[in-house]
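Text of final18.tsv, listed as TSV, C-alpha atoms:
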chain	number	residue	atom	x	y	z
A	27	MET	CA	-16.97	1.64	1.51
A	28	ARG	CA	-19.61	2.66	4.01
A	29	ASP	CA	-20.72	5.80	5.80
A	30	GLY	CA	-18.14	6.84	8.37
A	31	PHE	CA	-15.28	4.75	6.98
A	32	SER	CA	-11.66	5.87	6.73
A	33	PHE	CA	-8.86	5.26	4.29
A	34	GLN	CA	-5.27	6.12	3.51
A	35	ALA	CA	-3.68	6.44	0.09
A	36	GLY	CA	-0.25	7.55	-0.97
A	37	ALA	CA	0.79	10.15	-3.52
A	38	GLY	CA	1.84	7.81	-6.33
A	39	GLY	CA	-0.03	7.70	-9.61
A	40	ILE	CA	-2.07	4.59	-8.83
A	41	ALA	CA	-3.03	5.88	-5.38
A	42	LEU	CA	-4.12	9.23	-6.80
A	43	ALA	CA	-6.25	7.49	-9.42
A	44	PHE	CA	-7.79	5.36	-6.67
A	45	VAL	CA	-8.86	8.48	-4.76
A	46	GLN	CA	-10.50	9.92	-7.86
A	47	PHE	CA	-12.47	6.76	-8.57
A	48	LEU	CA	-13.41	6.41	-4.90
A	49	LYS	CA	-14.63	10.01	-4.83
A	50	GLN	CA	-17.02	9.31	-7.69
A	51	MET	CA	-18.29	6.16	-5.96
A	52	MET	CA	-18.80	8.04	-2.69
A	53	GLN	CA	-20.78	10.74	-4.46
A	54	GLU	CA	-23.00	8.21	-6.20
A	55	ALA	CA	-23.61	6.25	-2.98
A	56	GLY	CA	-24.04	9.30	-0.75
A	57	VAL	CA	-21.25	8.09	1.55
A	58	ARG	CA	-18.98	10.27	3.70
A	59	ALA	CA	-15.66	9.31	5.26
A	60	ARG	CA	-15.04	10.14	8.90
A	61	PHE	CA	-11.40	10.86	8.13
A	62	VAL	CA	-8.81	10.31	5.45
A	63	ARG	CA	-5.15	9.92	6.18
A	64	GLY	CA	-2.53	11.75	4.17
A	65	GLY	CA	0.13	12.74	2.77
A	66	SER	CA	-2.35	15.32	1.54
A	67	THR	CA	-2.78	16.25	-2.09
A	68	GLN	CA	-5.26	18.25	-4.12
A	69	TYR	CA	-7.35	15.08	-4.33
A	70	LEU	CA	-7.79	14.75	-0.58
A	71	VAL	CA	-8.37	18.49	-0.21
A	72	ASP	CA	-11.17	18.24	-2.77
A	73	LEU	CA	-12.84	15.52	-0.66
A	74	LEU	CA	-12.73	17.83	2.35
A	75	LYS	CA	-14.04	20.86	0.46
A	76	GLU	CA	-16.88	18.88	-1.11
A	77	GLY	CA	-18.05	17.44	2.20
A	78	LEU	CA	-16.99	13.87	1.46
A	79	THR	CA	-14.81	13.62	4.57
A	80	ASP	CA	-14.98	15.23	7.98
A	81	TYR	CA	-11.22	15.47	8.49
A	82	ILE	CA	-7.85	15.05	6.86
A	83	LEU	CA	-5.33	13.66	9.35
A	84	ASP	CA	-2.16	14.85	7.68
A	85	GLY	CA	1.31	13.43	8.16
A	86	GLN	CA	2.85	15.46	5.33
A	87	THR	CA	1.69	17.73	2.52
A	88	PHE	CA	2.66	16.85	-1.03
A	89	ASP	CA	1.48	19.85	-3.01
A	90	LEU	CA	0.49	23.52	-2.68
A	91	ALA	CA	-3.20	22.68	-2.31
A	92	GLY	CA	-2.35	20.60	0.75
A	93	VAL	CA	-0.17	23.37	2.19
A	94	THR	CA	-2.90	25.98	1.70
A	95	SER	CA	-5.56	23.74	3.20
A	96	ILE	CA	-3.63	22.73	6.31
A	97	ALA	CA	-2.83	26.39	6.98
A	98	SER	CA	-6.43	27.59	6.72
A	99	ASP	CA	-8.92	24.79	7.41
A	100	PRO	CA	-9.24	23.55	11.02
A	101	ARG	CA	-10.63	20.25	9.69
A	102	HIS	CA	-7.28	19.63	8.05
A	103	VAL	CA	-5.34	18.43	11.09
A	104	ALA	CA	-1.56	18.19	11.28
A	105	THR	CA	-0.43	14.89	12.80
A	106	SER	CA	3.09	13.69	13.45
A	107	PRO	CA	4.12	10.29	12.13
A	108	PHE	CA	6.23	10.02	15.28
A	109	THR	CA	3.02	9.71	17.30
A	110	SER	CA	0.39	8.49	14.85
A	111	TYR	CA	2.66	5.66	13.64
A	112	ASN	CA	4.42	5.00	16.94
A	113	TYR	CA	3.94	1.31	17.67
A	114	HIS	CA	4.29	1.99	21.40
A	115	GLY	CA	2.38	5.30	21.51
A	116	LYS	CA	-1.16	6.09	22.67
A	117	GLY	CA	-1.55	8.40	19.67
A	118	ASN	CA	-1.09	5.53	17.21
A	119	PHE	CA	-4.16	5.43	14.97
A	120	ALA	CA	-2.73	3.34	12.11
A	121	SER	CA	-4.91	0.41	13.17
A	122	MET	CA	-8.04	2.62	13.14
A	123	VAL	CA	-7.87	3.06	9.36
A	124	ASP	CA	-10.36	0.89	7.47
A	125	ALA	CA	-8.41	0.60	4.22
A	126	SER	CA	-4.95	1.55	3.01
A	127	VAL	CA	-3.82	1.56	-0.62
A	128	LEU	CA	-0.08	1.10	-1.06
A	129	GLY	CA	2.52	0.19	-3.64
A	130	ALA	CA	5.35	-2.36	-3.69
A	131	THR	CA	8.26	-3.42	-5.87
A	132	GLU	CA	7.60	-7.16	-5.38
A	133	VAL	CA	4.92	-9.43	-3.92
A	134	ASP	CA	5.35	-13.17	-3.55
A	135	LEU	CA	3.05	-16.17	-3.42
A	136	GLY	CA	2.77	-15.81	0.35
A	137	PHE	CA	1.63	-12.17	-0.05
A	138	ASN	CA	4.91	-10.96	1.48
A	139	ALA	CA	5.94	-7.64	-0.01
A	140	ASN	CA	9.12	-5.72	-0.77
A	141	VAL	CA	9.50	-1.96	-0.98
A	142	ASN	CA	13.22	-1.70	-0.16
A	143	THR	CA	14.84	-3.24	-3.24
A	144	HIS	CA	14.07	-4.11	-6.83
A	145	SER	CA	14.31	-7.69	-8.06
A	146	ASP	CA	17.97	-7.05	-8.90
A	147	GLY	CA	18.65	-6.50	-5.18
A	148	VAL	CA	19.65	-2.84	-5.48
A	149	LEU	CA	18.66	-0.83	-2.39
A	150	LEU	CA	16.14	1.86	-3.27
A	151	HIS	CA	15.24	3.79	-0.11
A	152	GLY	CA	13.88	3.48	3.40
A	153	ILE	CA	10.43	2.29	4.37
A	154	GLY	CA	8.74	5.43	5.68
A	155	GLY	CA	5.28	4.66	7.08
A	156	TRP	CA	4.57	1.81	4.67
A	157	GLN	CA	4.76	-0.92	7.31
A	158	ASN	CA	2.49	0.99	9.69
A	159	CYS	CA	-0.20	1.23	7.03
A	160	LEU	CA	-0.43	-2.57	6.96
A	161	PHE	CA	-2.27	-2.37	10.31
A	162	ALA	CA	-5.36	-1.06	8.49
A	163	ALA	CA	-8.40	-3.32	8.53
A	164	CYS	CA	-7.85	-3.96	4.82
A	165	SER	CA	-4.42	-3.35	3.30
A	166	ILE	CA	-4.38	-3.23	-0.49
A	167	LEU	CA	-1.31	-3.31	-2.73
A	168	ALA	CA	-2.08	-1.73	-6.09
A	169	VAL	CA	0.75	-2.73	-8.42
A	170	PRO	CA	1.38	-3.38	-12.11
A	171	SER	CA	1.94	-7.04	-12.93
A	172	PHE	CA	5.38	-6.22	-14.34
A	173	ARG	CA	7.80	-3.29	-14.61
A	174	ASP	CA	10.39	-2.97	-17.38
A	175	ARG	CA	9.71	-6.58	-18.42
A	176	ILE	CA	10.30	-7.81	-14.85
A	177	PRO	CA	7.37	-9.55	-13.10
A	178	VAL	CA	6.28	-7.94	-9.85
A	179	ILE	CA	4.75	-11.16	-8.48
A	180	VAL	CA	7.50	-13.66	-7.69
A	181	ASP	CA	8.00	-16.96	-5.88
A	182	GLU	CA	9.79	-15.25	-2.99
A	183	VAL	CA	10.52	-11.56	-2.51
A	184	THR	CA	14.13	-10.45	-2.78
A	185	THR	CA	13.75	-8.47	0.44
A	186	MET	CA	11.07	-8.92	3.09
A	187	THR	CA	9.57	-5.58	4.08
A	188	GLY	CA	6.02	-6.59	5.04
A	189	PRO	CA	4.75	-10.01	6.15
A	190	GLY	CA	2.02	-11.60	4.07
A	191	GLU	CA	-0.37	-12.12	6.96
A	192	LEU	CA	-0.91	-8.34	7.05
A	193	ILE	CA	-1.40	-7.88	3.30
A	194	ASP	CA	-4.98	-8.57	2.32
A	195	VAL	CA	-5.40	-7.75	-1.37
A	196	VAL	CA	-3.10	-7.44	-4.38
A	197	VAL	CA	-4.65	-5.53	-7.29
A	198	THR	CA	-3.10	-5.70	-10.75
A	199	GLU	CA	-4.31	-4.95	-14.27
A	200	ARG	CA	-4.58	-8.72	-14.79
A	201	GLY	CA	-6.76	-9.50	-11.83
A	202	ILE	CA	-7.29	-9.15	-8.10
A	203	ALA	CA	-5.77	-11.62	-5.64
A	204	ILE	CA	-7.20	-11.83	-2.13
A	205	ASN	CA	-5.16	-13.36	0.67
A	206	PRO	CA	-6.65	-16.82	1.41
A	207	GLY	CA	-6.48	-15.90	5.09
A	208	ARG	CA	-9.17	-13.26	4.50
A	209	GLN	CA	-12.11	-15.55	3.88
A	210	ASP	CA	-14.40	-12.68	4.91
A	211	LEU	CA	-13.23	-10.64	1.93
A	212	LEU	CA	-13.51	-13.62	-0.40
A	213	ASP	CA	-17.09	-14.16	0.76
A	214	GLN	CA	-17.97	-10.50	0.20
A	215	VAL	CA	-16.86	-10.55	-3.45
A	216	SER	CA	-18.02	-14.07	-4.29
A	217	ASP	CA	-21.07	-12.82	-6.21
A	218	SER	CA	-19.41	-9.78	-7.77
A	219	ASP	CA	-18.13	-9.33	-11.30
A	220	LEU	CA	-14.65	-8.41	-10.07
A	221	PRO	CA	-11.79	-10.35	-11.75
A	222	ILE	CA	-10.84	-12.37	-8.67
A	223	ARG	CA	-7.94	-14.76	-9.29
A	224	THR	CA	-5.32	-16.53	-7.22
A	225	ILE	CA	-1.99	-14.81	-6.95
A	226	ALA	CA	-0.37	-17.89	-8.52
A	227	GLU	CA	-2.59	-17.58	-11.60
A	228	ILE	CA	-1.56	-13.96	-12.13
A	229	LYS	CA	2.11	-14.83	-11.62
A	230	ASP	CA	1.98	-17.73	-14.11
A	231	GLU	CA	0.29	-15.61	-16.78
A	232	VAL	CA	2.88	-12.85	-16.50
A	233	GLU	CA	5.77	-15.30	-16.63
A	234	GLN	CA	4.36	-16.79	-19.83
A	235	ILE	CA	4.18	-13.32	-21.37
A	236	MET	CA	7.72	-12.48	-20.21
A	237	GLY	CA	9.21	-15.78	-21.40
A	238	GLY	CA	9.84	-17.30	-17.98
A	239	LYS	CA	10.95	-16.42	-14.50
A	240	PRO	CA	13.53	-13.66	-14.03
A	241	GLU	CA	16.97	-14.67	-12.86
A	242	PRO	CA	17.49	-14.19	-9.13
A	243	ALA	CA	19.52	-11.25	-7.91
A	244	ARG	CA	23.26	-11.83	-7.81
A	245	LEU	CA	24.24	-10.97	-4.27
A	246	THR	CA	27.37	-11.14	-2.15
A	247	ASP	CA	27.55	-12.00	1.55
A	248	ASN	CA	28.31	-8.39	2.45
A	249	PRO	CA	25.38	-6.73	4.33
A	250	VAL	CA	24.30	-3.27	3.22
A	251	ALA	CA	21.20	-2.65	5.35
A	252	ILE	CA	18.91	-4.28	7.89
A	253	VAL	CA	15.12	-4.26	7.51
A	254	LYS	CA	13.26	-4.02	10.81
A	255	TRP	CA	9.59	-4.36	11.70
A	256	VAL	CA	7.83	-1.56	13.58
A	257	ASP	CA	8.66	-3.11	16.96
A	258	GLY	CA	12.34	-3.47	16.15
A	259	THR	CA	12.25	-7.13	15.08
A	260	VAL	CA	14.76	-7.79	12.28
A	261	LEU	CA	12.91	-9.03	9.18
A	262	ASP	CA	15.66	-9.29	6.59
A	263	THR	CA	19.08	-8.19	5.41
A	264	VAL	CA	19.84	-6.29	2.22
A	265	TRP	CA	23.01	-7.74	0.67
A	266	GLN	CA	25.48	-6.01	-1.61
A	267	VAL	CA	24.93	-6.73	-5.30
A	268	GLU	CA	27.72	-8.34	-7.29
A	269	GLU	CA	29.54	-5.86	-9.50

Since I need it in another form, could you write the structure as structure tokens?
Amino acid sequence: MRDGFSFQAGAGGIALAFVQFLKQMMQEAGVRARFVRGGSTQYLVDLLKEGLTDYILDGQTFDLAGVTSIASDPRHVATSPFTSYNYHGKGNFASMVDASVLGATEVDLGFNANVNTHSDGVLLHGIGGWQNCLFAACSILAVPSFRDRIPVIVDEVTTMTGPGELIDVVVTERGIAINPGRQDLLDQVSDSDLPIRTIAEIKDEVEQIMGGKPEPARLTDNPVAIVKWVDGTVLDTVWQVEE
């Protein structure tokens, strides 16, 4: 967080809470953002109204406050994901964002992440702009350590949606894991009181609480979907679950 920085956060509960905490920190530090990237919500609109950001660059509006703001405030700028996220387009500003806060269904020891399936292999939905947000200078996955008694951090993700070299930080309620490839981030927090741990330490603690590793998904050899990277490279295949 510094004067003139930018960030993107989704509309899930954890992301909304992040924006609220960040707002308080910005106010206390006297810091303004140059722009914030939405999905706009009341929380981002409040930042704009209170002078904490110069612009909202909006890919979609999630609530009535966002709709009202984008219709009336010239600083609330409509942007198309088809240009702003276009890997081949000159209007692509995904890599200009300083920090993005995202979710995931699974993260593995290599910091690879899954947003397409649960650990049982069932296909959830498409990817949206999630992959594009990984091009931010610091991509942060804010996830619970387990859901419905199933650990979120696993040895290997069921489905590869995002490669670990682009995922910098995994934040859970049991600690913060920083990708070993981001020594610059590790150096910056070395003297802080943040609960920095290795991702393996968090995984082992959760497995002890849950009574061991979950059983792997039971899959057939029948393909259901293909997961592609933003440039069209095939990352993985989603396989049909055994009935």

Which neighbours of A:Ala55 fall inside 12 Å, counting all atoms listed in the file, when residues of the same chain fewer than 3 positions from it are skipped, and could you give them as a count of residues only?
11

List the neighbours of A:His151 out to 12 Å using all atoms listed in the file; skip same-chain residues closer than 5 positions along the sequence, and give me the result as a ChimeraX atom specification.
/A:131,140-144,156,187,250-253,264

Generate the output file for the selected residues, C-alpha atoms, as a PDB file, keeping the file's coordinate frame.
ATOM      1  CA  THR A 131       8.260  -3.420  -5.870  1.00  0.00           C
ATOM      2  CA  ASN A 140       9.120  -5.720  -0.770  1.00  0.00           C
ATOM      3  CA  VAL A 141       9.500  -1.960  -0.980  1.00  0.00           C
ATOM      4  CA  ASN A 142      13.220  -1.700  -0.160  1.00  0.00           C
ATOM      5  CA  THR A 143      14.840  -3.240  -3.240  1.00  0.00           C
ATOM      6  CA  HIS A 144      14.070  -4.110  -6.830  1.00  0.00           C
ATOM      7  CA  TRP A 156       4.570   1.810   4.670  1.00  0.00           C
ATOM      8  CA  THR A 187       9.570  -5.580   4.080  1.00  0.00           C
ATOM      9  CA  VAL A 250      24.300  -3.270   3.220  1.00  0.00           C
ATOM     10  CA  ALA A 251      21.200  -2.650   5.350  1.00  0.00           C
ATOM     11  CA  ILE A 252      18.910  -4.280   7.890  1.00  0.00           C
ATOM     12  CA  VAL A 253      15.120  -4.260   7.510  1.00  0.00           C
ATOM     13  CA  VAL A 264      19.840  -6.290   2.220  1.00  0.00           C
TER      14      VAL A 264
END

Rank nothing, just name the residue among A:Val62, A:Val260, A:Ala104, A:Ala125 nearest to A:Gly188, using all atoms listed in the file.
A:Val260

Using all atoms listed in the file, what does the table of stretch 63-166 of chain A residues within 12 Å of stretch 204-219 of chain A look like, with each row giving the shortest atom pair and its distance in Å to one decimal, sorted by chain and ascending number, as CSV?
residue,atom,partner,partner_atom,distance
A:Val133,CA,A:Asn205,CA,11.8
A:Asp134,CA,A:Asn205,CA,11.3
A:Leu135,CA,A:Asn205,CA,9.6
A:Gly136,CA,A:Asn205,CA,8.3
A:Phe137,CA,A:Asn205,CA,6.9
A:Asn138,CA,A:Asn205,CA,10.4
A:Ala163,CA,A:Arg208,CA,10.8
A:Cys164,CA,A:Leu211,CA,9.1
A:Ser165,CA,A:Asn205,CA,10.4
A:Ile166,CA,A:Ile204,CA,9.2

One number please: atom CA of A:Val57 to atom CA of A:Leu90, in Å, one decimal.
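For atom CA of A:Val57 relative to atom CA of A:Leu90, the distance reads 27.0 Å.
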
May I have the protein, DNA and RNA residues with any atom at most 12 Å from the point (3.4, 11.4, -4.5), counting only C-alpha atoms, written as a list in words?
Ala35, Gly36, Ala37, Gly38, Gly39, Ile40, Ala41, Leu42, Ala43, Gly64, Gly65, Ser66, Thr67, Gln68, Tyr69, Gln86, Thr87, Phe88, Asp89, Leu128 and Gly129 of chain A

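For A:Met122, the list of residues within 10 Å, based on all atoms listed in the file and with local chain neighbours fewer than 3 positions off taken out, reads Phe31, Ser32, Phe33, Asn118, Phe119, Ala125, Phe161, Ala162 and Ala163 of chain A.
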
Using all atoms listed in the file, give me every residue within 10 Å of (4.2, 1.9, 6.9) in file coordinates, as a PDB file with C-alpha atoms, in the frame of the given file.
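Result file follows (part.pdb):
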ATOM      1  CA  PRO A 107       4.120  10.290  12.130  1.00  0.00           C
ATOM      2  CA  TYR A 111       2.660   5.660  13.640  1.00  0.00           C
ATOM      3  CA  ALA A 120      -2.730   3.340  12.110  1.00  0.00           C
ATOM      4  CA  SER A 126      -4.950   1.550   3.010  1.00  0.00           C
ATOM      5  CA  LEU A 128      -0.080   1.100  -1.060  1.00  0.00           C
ATOM      6  CA  ILE A 153      10.430   2.290   4.370  1.00  0.00           C
ATOM      7  CA  GLY A 154       8.740   5.430   5.680  1.00  0.00           C
ATOM      8  CA  GLY A 155       5.280   4.660   7.080  1.00  0.00           C
ATOM      9  CA  TRP A 156       4.570   1.810   4.670  1.00  0.00           C
ATOM     10  CA  GLN A 157       4.760  -0.920   7.310  1.00  0.00           C
ATOM     11  CA  ASN A 158       2.490   0.990   9.690  1.00  0.00           C
ATOM     12  CA  CYS A 159      -0.200   1.230   7.030  1.00  0.00           C
ATOM     13  CA  LEU A 160      -0.430  -2.570   6.960  1.00  0.00           C
ATOM     14  CA  PHE A 161      -2.270  -2.370  10.310  1.00  0.00           C
ATOM     15  CA  THR A 187       9.570  -5.580   4.080  1.00  0.00           C
ATOM     16  CA  GLY A 188       6.020  -6.590   5.040  1.00  0.00           C
ATOM     17  CA  TRP A 255       9.590  -4.360  11.700  1.00  0.00           C
ATOM     18  CA  VAL A 256       7.830  -1.560  13.580  1.00  0.00           C
TER      19      VAL A 256
END

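Across the structure, atom CA of A:Leu220 and atom CA of A:Ala168 are spaced 14.8 Å apart.
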
Do you have the atom CA of A:Thr79-atom CA of A:Thr109 distance handy?
22.3 Å
